[in-house]
Structure formats: C-alpha cells, structure tokens
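Q: One file: start.tsv (TSV, C-alpha atoms).
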```tsv
chain	number	residue	atom	x	y	z
A	1297	MET	CA	-43.56	-13.03	-16.55
A	1298	ASN	CA	-46.15	-13.92	-19.19
A	1299	SER	CA	-49.90	-14.10	-18.66
A	1300	SER	CA	-49.99	-17.89	-18.44
A	1301	SER	CA	-47.31	-17.78	-15.71
A	1302	LYS	CA	-49.29	-15.17	-13.82
A	1303	PHE	CA	-52.40	-17.35	-14.09
A	1304	GLY	CA	-50.38	-20.24	-12.75
A	1305	LEU	CA	-49.25	-18.17	-9.79
A	1306	GLU	CA	-52.87	-17.28	-9.12
A	1307	ARG	CA	-53.59	-21.00	-8.88
A	1308	LEU	CA	-50.66	-21.35	-6.51
A	1309	CYS	CA	-51.99	-18.55	-4.30
A	1310	LYS	CA	-55.33	-20.37	-4.17
A	1311	ALA	CA	-53.54	-23.56	-3.10
A	1312	LEU	CA	-51.68	-21.60	-0.42
A	1313	GLY	CA	-54.87	-19.87	0.71
A	1314	TYR	CA	-53.13	-16.52	0.52
A	1315	SER	CA	-52.98	-13.61	-1.97
A	1316	PHE	CA	-49.76	-11.62	-1.97
A	1317	LYS	CA	-49.96	-7.89	-1.25
A	1318	GLN	CA	-46.51	-7.59	-2.87
A	1319	PRO	CA	-46.56	-9.91	-5.93
A	1320	LYS	CA	-42.94	-9.02	-6.68
A	1321	LEU	CA	-41.92	-11.13	-3.67
A	1322	LEU	CA	-43.75	-14.13	-5.09
A	1323	PHE	CA	-42.13	-13.64	-8.51
A	1324	GLN	CA	-38.70	-13.37	-6.90
A	1325	ALA	CA	-39.20	-16.66	-5.06
A	1326	PHE	CA	-39.14	-18.47	-8.41
A	1327	ARG	CA	-36.18	-16.69	-10.01
A	1328	HIS	CA	-33.27	-19.10	-9.86
A	1329	SER	CA	-29.78	-17.60	-9.94
A	1330	SER	CA	-29.08	-19.34	-13.27
A	1331	TYR	CA	-31.94	-17.35	-14.84
A	1332	VAL	CA	-30.93	-14.02	-13.33
A	1333	ASN	CA	-27.32	-14.47	-14.49
A	1334	GLU	CA	-28.52	-14.63	-18.09
A	1335	GLN	CA	-30.61	-11.45	-17.93
A	1336	ALA	CA	-29.45	-8.04	-19.10
A	1337	ASN	CA	-31.18	-6.38	-16.12
A	1338	SER	CA	-28.57	-6.64	-13.38
A	1339	ASN	CA	-31.03	-5.28	-10.80
A	1340	LEU	CA	-33.21	-8.39	-11.06
A	1341	GLY	CA	-32.89	-10.31	-7.80
A	1342	ASP	CA	-32.72	-14.10	-7.56
A	1343	ASN	CA	-34.38	-16.17	-4.85
A	1344	GLU	CA	-31.31	-16.96	-2.73
A	1345	ARG	CA	-31.91	-14.28	-0.07
A	1346	LEU	CA	-35.52	-15.41	0.26
A	1347	GLU	CA	-34.27	-18.99	0.53
A	1348	PHE	CA	-31.95	-17.97	3.39
A	1349	LEU	CA	-34.83	-16.31	5.21
A	1350	GLY	CA	-37.30	-19.09	4.48
A	1351	ASP	CA	-34.95	-21.69	5.94
A	1352	ALA	CA	-34.99	-19.83	9.29
A	1353	VAL	CA	-38.77	-19.29	9.13
A	1354	LEU	CA	-39.39	-23.00	8.50
A	1355	GLU	CA	-37.06	-24.06	11.32
A	1356	LEU	CA	-38.83	-21.77	13.80
A	1357	ALA	CA	-42.37	-22.60	12.62
A	1358	ILE	CA	-41.84	-26.36	12.58
A	1359	SER	CA	-40.07	-26.23	15.95
A	1360	HIS	CA	-43.04	-24.36	17.42
A	1361	ILE	CA	-45.54	-26.81	15.91
A	1362	LEU	CA	-43.61	-29.88	17.11
A	1363	MET	CA	-43.30	-28.52	20.64
A	1364	ASP	CA	-47.07	-28.11	20.73
A	1365	LEU	CA	-47.70	-31.59	19.30
A	1366	PHE	CA	-45.13	-33.49	21.38
A	1367	GLN	CA	-45.06	-31.77	24.76
A	1368	ASP	CA	-43.20	-34.63	26.47
A	1369	ALA	CA	-40.55	-35.13	23.76
A	1370	GLU	CA	-36.92	-34.37	24.54
A	1371	GLU	CA	-34.75	-31.99	22.54
A	1372	GLY	CA	-32.94	-34.76	20.64
A	1373	GLU	CA	-36.15	-36.37	19.46
A	1374	LEU	CA	-37.66	-33.02	18.46
A	1375	SER	CA	-34.52	-32.26	16.44
A	1376	LYS	CA	-34.84	-35.55	14.54
A	1377	LEU	CA	-38.52	-34.97	13.82
A	1378	ARG	CA	-37.77	-31.46	12.58
A	1379	ALA	CA	-34.99	-32.80	10.36
A	1380	ILE	CA	-37.50	-35.11	8.66
A	1381	LEU	CA	-39.86	-32.25	7.93
A	1382	VAL	CA	-37.50	-29.45	6.87
A	1383	GLY	CA	-34.82	-31.59	5.24
A	1384	GLU	CA	-34.48	-31.73	1.48
A	1385	ALA	CA	-36.69	-34.81	1.10
A	1386	GLY	CA	-39.56	-33.25	3.07
A	1387	LEU	CA	-39.34	-29.88	1.31
A	1388	TYR	CA	-39.12	-31.64	-2.06
A	1389	GLN	CA	-42.40	-33.44	-1.41
A	1390	VAL	CA	-44.12	-30.19	-0.44
A	1391	ALA	CA	-42.80	-28.62	-3.65
A	1392	GLN	CA	-44.13	-31.52	-5.69
A	1393	ARG	CA	-47.59	-31.27	-4.15
A	1394	LEU	CA	-47.71	-27.55	-4.95
A	1395	GLY	CA	-46.21	-28.06	-8.42
A	1396	LEU	CA	-43.51	-25.45	-7.77
A	1397	GLY	CA	-41.37	-26.73	-10.63
A	1398	ASP	CA	-43.95	-25.37	-13.09
A	1399	TYR	CA	-43.31	-21.79	-11.94
A	1400	LEU	CA	-39.50	-21.80	-11.85
A	1401	LEU	CA	-37.49	-19.42	-13.99
A	1402	LEU	CA	-34.26	-21.22	-14.88
A	1403	GLY	CA	-31.22	-20.54	-17.02
A	1404	ARG	CA	-30.72	-22.55	-20.19
A	1405	GLY	CA	-28.26	-24.95	-18.59
A	1406	GLU	CA	-30.53	-25.84	-15.67
A	1407	GLU	CA	-33.52	-26.09	-18.00
A	1408	GLN	CA	-31.68	-28.57	-20.20
A	1409	SER	CA	-30.52	-30.64	-17.23
A	1410	GLN	CA	-34.11	-31.01	-15.92
A	1411	GLY	CA	-33.65	-28.48	-13.13
A	1412	ARG	CA	-37.41	-28.34	-12.60
A	1413	GLU	CA	-37.26	-31.88	-11.26
A	1414	LYS	CA	-34.12	-31.63	-9.11
A	1415	PRO	CA	-34.86	-32.21	-5.41
A	1416	SER	CA	-32.25	-29.64	-4.32
A	1417	ILE	CA	-33.67	-26.85	-6.52
A	1418	LEU	CA	-37.27	-27.64	-5.55
A	1419	ALA	CA	-36.41	-27.78	-1.84
A	1420	ASP	CA	-34.63	-24.43	-2.10
A	1421	THR	CA	-37.64	-22.98	-3.92
A	1422	THR	CA	-39.93	-24.13	-1.10
A	1423	GLU	CA	-37.71	-22.24	1.34
A	1424	ALA	CA	-37.74	-19.15	-0.90
A	1425	LEU	CA	-41.53	-19.27	-1.07
A	1426	MET	CA	-41.74	-19.42	2.73
A	1427	GLY	CA	-39.39	-16.44	2.95
A	1428	ALA	CA	-41.60	-14.47	0.57
A	1429	LEU	CA	-44.69	-15.42	2.58
A	1430	TYR	CA	-43.06	-14.28	5.80
A	1431	LEU	CA	-42.14	-10.86	4.36
A	1432	ASP	CA	-45.62	-10.38	2.92
A	1433	ALA	CA	-47.86	-11.95	5.56
A	1434	GLY	CA	-45.85	-11.98	8.79
A	1435	PHE	CA	-44.90	-14.97	10.92
A	1436	HIS	CA	-48.30	-15.85	12.41
A	1437	LYS	CA	-50.03	-16.26	9.04
A	1438	THR	CA	-47.00	-17.99	7.51
A	1439	MET	CA	-46.88	-20.54	10.34
A	1440	LYS	CA	-50.56	-21.37	9.74
A	1441	ILE	CA	-49.83	-21.97	6.05
A	1442	ILE	CA	-46.77	-24.08	6.93
A	1443	GLN	CA	-48.85	-26.15	9.34
A	1444	ARG	CA	-51.41	-26.84	6.61
A	1445	LEU	CA	-48.79	-27.63	3.95
A	1446	PHE	CA	-46.95	-30.03	6.24
A	1447	SER	CA	-50.09	-31.55	7.81
A	1448	PRO	CA	-49.78	-34.89	5.91
A	1449	PHE	CA	-46.33	-35.33	7.53
A	1450	LEU	CA	-47.32	-33.89	10.90
A	1451	GLU	CA	-50.16	-36.39	11.21
A	1452	ARG	CA	-47.71	-39.30	10.85
A	1453	VAL	CA	-44.48	-37.96	12.32
A	1454	GLY	CA	-43.31	-39.88	15.36
A	1455	THR	CA	-45.73	-42.74	14.69
A	1456	ARG	CA	-45.05	-46.31	13.58
A	1457	GLU	CA	-46.53	-45.36	10.22
A	1458	MET	CA	-43.81	-42.74	9.76
A	1459	VAL	CA	-41.12	-45.33	10.50
A	1460	GLN	CA	-42.65	-47.48	7.75
A	1461	ASP	CA	-42.65	-44.44	5.45
A	1462	PHE	CA	-38.86	-44.19	5.65
A	1463	LYS	CA	-38.47	-46.98	3.11
A	1464	SER	CA	-40.51	-45.12	0.51
A	1465	LEU	CA	-39.04	-41.73	1.49
A	1466	LEU	CA	-35.51	-43.06	1.18
A	1467	GLN	CA	-36.24	-44.81	-2.11
A	1468	GLU	CA	-37.75	-41.68	-3.65
A	1469	TYR	CA	-34.91	-39.49	-2.40
A	1470	THR	CA	-32.06	-41.75	-3.57
A	1471	GLN	CA	-33.70	-42.32	-6.94
A	1472	GLN	CA	-34.02	-38.58	-7.53
A	1473	THR	CA	-30.65	-37.58	-6.06
A	1474	PHE	CA	-28.34	-40.50	-6.84
A	1475	LYS	CA	-30.26	-42.28	-9.64
A	1476	ALA	CA	-29.96	-45.48	-7.58
A	1477	LEU	CA	-32.15	-47.56	-5.28
A	1478	PRO	CA	-31.21	-48.87	-1.82
A	1479	LYS	CA	-30.69	-52.61	-1.42
A	1480	TYR	CA	-31.35	-54.67	1.71
A	1481	SER	CA	-29.53	-57.85	2.73
A	1482	LEU	CA	-29.86	-60.08	5.77
A	1483	VAL	CA	-26.67	-59.92	7.87
A	1484	GLU	CA	-27.59	-61.95	10.94
A	1485	GLU	CA	-30.44	-63.96	12.41
A	1486	THR	CA	-30.30	-64.74	16.13
A	1487	GLY	CA	-32.49	-66.24	18.84
A	1488	PRO	CA	-34.85	-69.22	19.04
A	1489	ASP	CA	-37.44	-69.80	16.32
A	1490	HIS	CA	-40.26	-68.28	18.38
A	1491	ASP	CA	-38.30	-65.11	19.23
A	1492	LYS	CA	-35.85	-64.32	16.44
A	1493	THR	CA	-34.02	-61.02	15.91
A	1494	PHE	CA	-33.00	-60.02	12.40
A	1495	ARG	CA	-30.20	-57.65	11.41
A	1496	VAL	CA	-30.29	-56.13	7.93
A	1497	ALA	CA	-27.70	-54.05	6.07
A	1498	LEU	CA	-28.72	-51.32	3.65
A	1499	THR	CA	-26.42	-50.48	0.75
A	1500	LEU	CA	-26.49	-47.79	-1.92
A	1501	ASN	CA	-24.23	-48.07	-4.96
A	1502	GLY	CA	-22.35	-50.86	-3.18
A	1503	GLN	CA	-21.68	-48.83	-0.02
A	1504	VAL	CA	-23.17	-49.87	3.34
A	1505	LEU	CA	-25.09	-46.88	4.70
A	1506	ALA	CA	-26.82	-48.37	7.72
A	1507	GLU	CA	-27.95	-51.45	9.60
A	1508	GLY	CA	-31.21	-52.10	11.36
A	1509	GLU	CA	-32.60	-54.70	13.78
A	1510	GLY	CA	-36.13	-55.96	14.26
A	1511	LYS	CA	-38.31	-58.93	15.12
A	1512	SER	CA	-38.97	-59.43	11.42
A	1513	LYS	CA	-36.97	-58.80	8.26
A	1514	LYS	CA	-39.45	-56.10	7.30
A	1515	GLU	CA	-39.05	-54.26	10.61
A	1516	ALA	CA	-35.24	-54.51	10.37
A	1517	GLU	CA	-35.38	-53.02	6.85
A	1518	GLN	CA	-37.56	-50.15	8.10
A	1519	MET	CA	-35.13	-49.35	10.90
A	1520	ALA	CA	-32.17	-49.48	8.50
A	1521	ALA	CA	-34.02	-47.14	6.11
A	1522	LYS	CA	-34.66	-44.66	8.94
A	1523	GLU	CA	-30.95	-44.63	9.85
A	1524	ALA	CA	-29.87	-44.34	6.21
A	1525	PHE	CA	-32.32	-41.49	5.56
A	1526	PHE	CA	-30.55	-39.28	8.09
A	1527	CYS	CA	-27.18	-40.45	6.80
A	1528	VAL	CA	-27.81	-39.35	3.18
A	1529	LYS	CA	-29.54	-36.16	4.29
A	1530	GLU	CA	-26.54	-35.03	6.33
A	1531	ALA	CA	-23.96	-36.05	3.70
```
If you took the structure in this file and wrote it as structure tokens, what would it be?

A:
Amino acid sequence: MNSSSKFGLERLCKALGYSFKQPKLLFQAFRHSSYVNEQANSNLGDNERLEFLGDAVLELAISHILMDLFQDAEEGELSKLRAILVGEAGLYQVAQRLGLGDYLLLGRGEEQSQGREKPSILADTTEALMGALYLDAGFHKTMKIIQRLFSPFLERVGTREMVQDFKSLLQEYTQQTFKALPKYSLVEETGPDHDKTFRVALTLNGQVLAEGEGKSKKEAEQMAAKEAFFCVKEA
C-alpha cells in the first residue's frame, strides 16, 4: 500500500475514533478478492473472512442497541428494524459517509466496472471493516463505534420520519442496484370526501413490487416504499 493510501487510512482511523494495533487487519479489510486473485503473492488474504465475521458482529451489536432503545418492542418489529440498519442499503450509506470506496483494492475488471461505487461491494467492505475492528479492539469498543456510525439511523428508526425516509432510501438503492427508479400509481380511492383512503401501487421496471394504503396519496406512497424496500432487499 502506497504512502497516500496509508495517509488515507489514517484519516479513516480518525473518523472511526480508533487506531489499529494491528494495521494488517485494516489493510486486509479493503483487499477485495478480485485484487488478491491478480497478485503473485498467494498468501495475501482477501477481506471475505473479515466480512463473514463482521456480519455477525453487526447483527449482535445492532440487536443489543435496538433492545436497549426499544424495550417494549416485540421480536418481529426488532427484526425489521435491524434489517433496515444492517441490510445492504444501510451498510452502503455508512460506507459512503466514511468514503470506504476510496480505500478499496480491486482487480482490473472490478475497477473498470466502477466497483468502488457498487452498493454490494461497499456494504461487504463495511462488514469487513467491522470484523477487523472486532479482532483488534474487542466487542465492547466495536459496539461503541457501531453505535456512533449508525447514530443518524438510530435516531430516526421506528419513527414516522423513518417511514418517510423509505422513499428516498428505496430510490437511492434501486438507482444504484437496478439503474431504475420506482414509480407510483393510484390504484384505488375509497370513502367519503372528508375521510378518503388511498391505495397506491409501486412498480420497478414494469413489475409491481408492493402496494400501500394511507389517508393521503403521499402516505400511501410511503407505505408502499417501506414494503418494497424489504422486498428488494430480500430478493
């Protein structure tokens, strides 16, 4: 890794609020398998094992944080909230805020196909970074860092504001992943003028992904976007 890359990683450590005792773990977190496959040194490890570990660390840390925040929430609701935070869209946004794409080591093919901007690669890199943090700092410190990194989401999760955010979250995710934007169309309008209920269908590339109901078209679109977000995430 060249000096400019090392300087960049120093900036990243400052953003994380943590300096690695084992810098090799941090370097490994950014070595994509496509890069390692092109190197003559077969002993150079990629970030996939760290990604595997980081996925488990994130699930446990976010579960712990959500149980503390929402002490009356049931298991099903906690699972949905966790899915928002540790799903690809959530991890991608954390990666963007930290600028993780700048530090990635990619093979020529991934570099040429704009791998630094791919939501899947950036989400995986976030997981790898959390795995490296766990091995270097232990769970307690890593959970504190995770709580700080995810605080913008944690402050809104479960609130009406977060439901409204699903439209923008879904739009950003589908644009990055499918190169297409969701479309909303009014399906049904029922009830008297003073108490109408609207039903809206959400389509992506001509396929209906979800429907939502609300007391306004805007609210129905937000509910459809929330349903569709989980649909595309689980696909």

Q: For a quick check of understanding, using all atoms listed in the file, which of A:Gln1472, A:Leu1365, A:Leu1321, A:Ser1315 has the smallest distance to Gln1410 (chain A)?

A: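 Of A:Gln1472, A:Leu1365, A:Leu1321, A:Ser1315, the one nearest Gln1410 (chain A), counting all atoms listed in the file, is A:Gln1472.
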
Q: In file coordinates, which residues lie within 7 Å of (-32.5, -20.0, -12.1) using all atoms listed in the file, given as a PDB file with C-alpha atoms, in the frame of the given file?

A:
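Wrote it out as out_0.pdb, contents follow:
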```pdb
ATOM      1  CA  ARG A1327     -36.180 -16.690 -10.010  1.00  0.00           C
ATOM      2  CA  HIS A1328     -33.270 -19.100  -9.860  1.00  0.00           C
ATOM      3  CA  SER A1329     -29.780 -17.600  -9.940  1.00  0.00           C
ATOM      4  CA  SER A1330     -29.080 -19.340 -13.270  1.00  0.00           C
ATOM      5  CA  TYR A1331     -31.940 -17.350 -14.840  1.00  0.00           C
ATOM      6  CA  VAL A1332     -30.930 -14.020 -13.330  1.00  0.00           C
ATOM      7  CA  LEU A1401     -37.490 -19.420 -13.990  1.00  0.00           C
ATOM      8  CA  LEU A1402     -34.260 -21.220 -14.880  1.00  0.00           C
ATOM      9  CA  GLY A1403     -31.220 -20.540 -17.020  1.00  0.00           C
TER      10      GLY A1403
END
```

Q: Let me make sure I understand: among A:Asn1501, A:Gln1467, A:Gln1324, A:Ser1359, which one has the smallest atom-to-atom distance to Val1382 (chain A) if we use only C-alpha atoms?

A: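 Smallest separation from Val1382 (chain A) among the options: A:Ser1359.
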
Q: Need the shell around Ile1380 (chain A): protein/DNA/RNA residues with any atom at most 10 Å away, counting all atoms listed in the file. Skip same-chain ones fewer than 2 positions apart. Format as a PyMOL selection string?

A: chain A and resi 1375-1378+1382-1387+1449+1453+1458+1462+1465+1522+1525-1526+1529

Q: Could you make a table, as a tab-separated table, of the residues of region 1348-1416 of chain A that have an atom within 12 Å of an atom of region 1427-1447 of chain A, each with its nearest atom pair and distance in Å to one decimal, counting only C-alpha atoms, in chain and number order?

A:
```
residue	atom	partner	partner_atom	distance
A:Phe1348	CA	A:Gly1427	CA	7.6
A:Leu1349	CA	A:Gly1427	CA	5.1
A:Gly1350	CA	A:Gly1427	CA	3.7
A:Asp1351	CA	A:Gly1427	CA	7.5
A:Ala1352	CA	A:Gly1427	CA	8.4
A:Val1353	CA	A:Gly1427	CA	6.8
A:Leu1354	CA	A:Ile1442	CA	7.6
A:Glu1355	CA	A:Met1439	CA	10.5
A:Leu1356	CA	A:Met1439	CA	8.8
A:Ala1357	CA	A:Met1439	CA	5.5
A:Ile1358	CA	A:Gln1443	CA	7.7
A:Ser1359	CA	A:Met1439	CA	10.5
A:His1360	CA	A:Met1439	CA	8.9
A:Ile1361	CA	A:Gln1443	CA	7.4
A:Leu1362	CA	A:Gln1443	CA	10.1
A:Asp1364	CA	A:Gln1443	CA	11.7
A:Leu1365	CA	A:Gln1443	CA	11.4
A:Arg1378	CA	A:Phe1446	CA	11.2
A:Ile1380	CA	A:Phe1446	CA	11.0
A:Leu1381	CA	A:Phe1446	CA	7.6
A:Val1382	CA	A:Phe1446	CA	9.5
A:Gly1386	CA	A:Phe1446	CA	8.7
A:Leu1387	CA	A:Phe1446	CA	9.1
A:Tyr1388	CA	A:Phe1446	CA	11.5
A:Gln1389	CA	A:Phe1446	CA	9.5
A:Val1390	CA	A:Leu1445	CA	6.9
A:Ala1391	CA	A:Leu1445	CA	9.7
A:Gln1392	CA	A:Leu1445	CA	11.4
A:Arg1393	CA	A:Leu1445	CA	9.0
A:Leu1394	CA	A:Leu1445	CA	9.0
```

Q: Using all atoms listed in the file, which of A:Lys1514, A:Lys1492, A:Lys1320, A:Arg1345 sits nearest Glu1423 (chain A)?

A: A:Arg1345

Q: CA of Leu1374 (chain A) to CA of Lys1414 (chain A): how many Å, to one decimal?

A: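 Value for the CA of Leu1374 (chain A)-CA of Lys1414 (chain A) distance: 27.8 Å.
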
Q: To one decimal place in Å, what is the distance between CA of Gly1502 (chain A) and CA of Ala1379 (chain A)?

A: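 About the pair CA of Gly1502 (chain A) and CA of Ala1379 (chain A): they are 25.9 Å apart.
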
Q: Using only C-alpha atoms, can you tell me which of A:Thr1493, A:Pro1448, A:Ala1521, A:Ser1512 comes closest to Thr1470 (chain A)?

A: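 Checking each candidate against Thr1470 (chain A), we get A:Ala1521 as the closest.
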
Q: Tell me which of A:Leu1425, A:Glu1413, A:Ala1336, A:Gly1341 sits closest to Leu1305 (chain A), counting all atoms listed in the file.

A: A:Leu1425

Q: Could you check how far CA of Gly1313 (chain A) sits from CA of Asp1342 (chain A), in Å to one decimal?

A: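 Atom-to-atom, CA of Gly1313 (chain A) and CA of Asp1342 (chain A) are spaced 24.3 Å apart.
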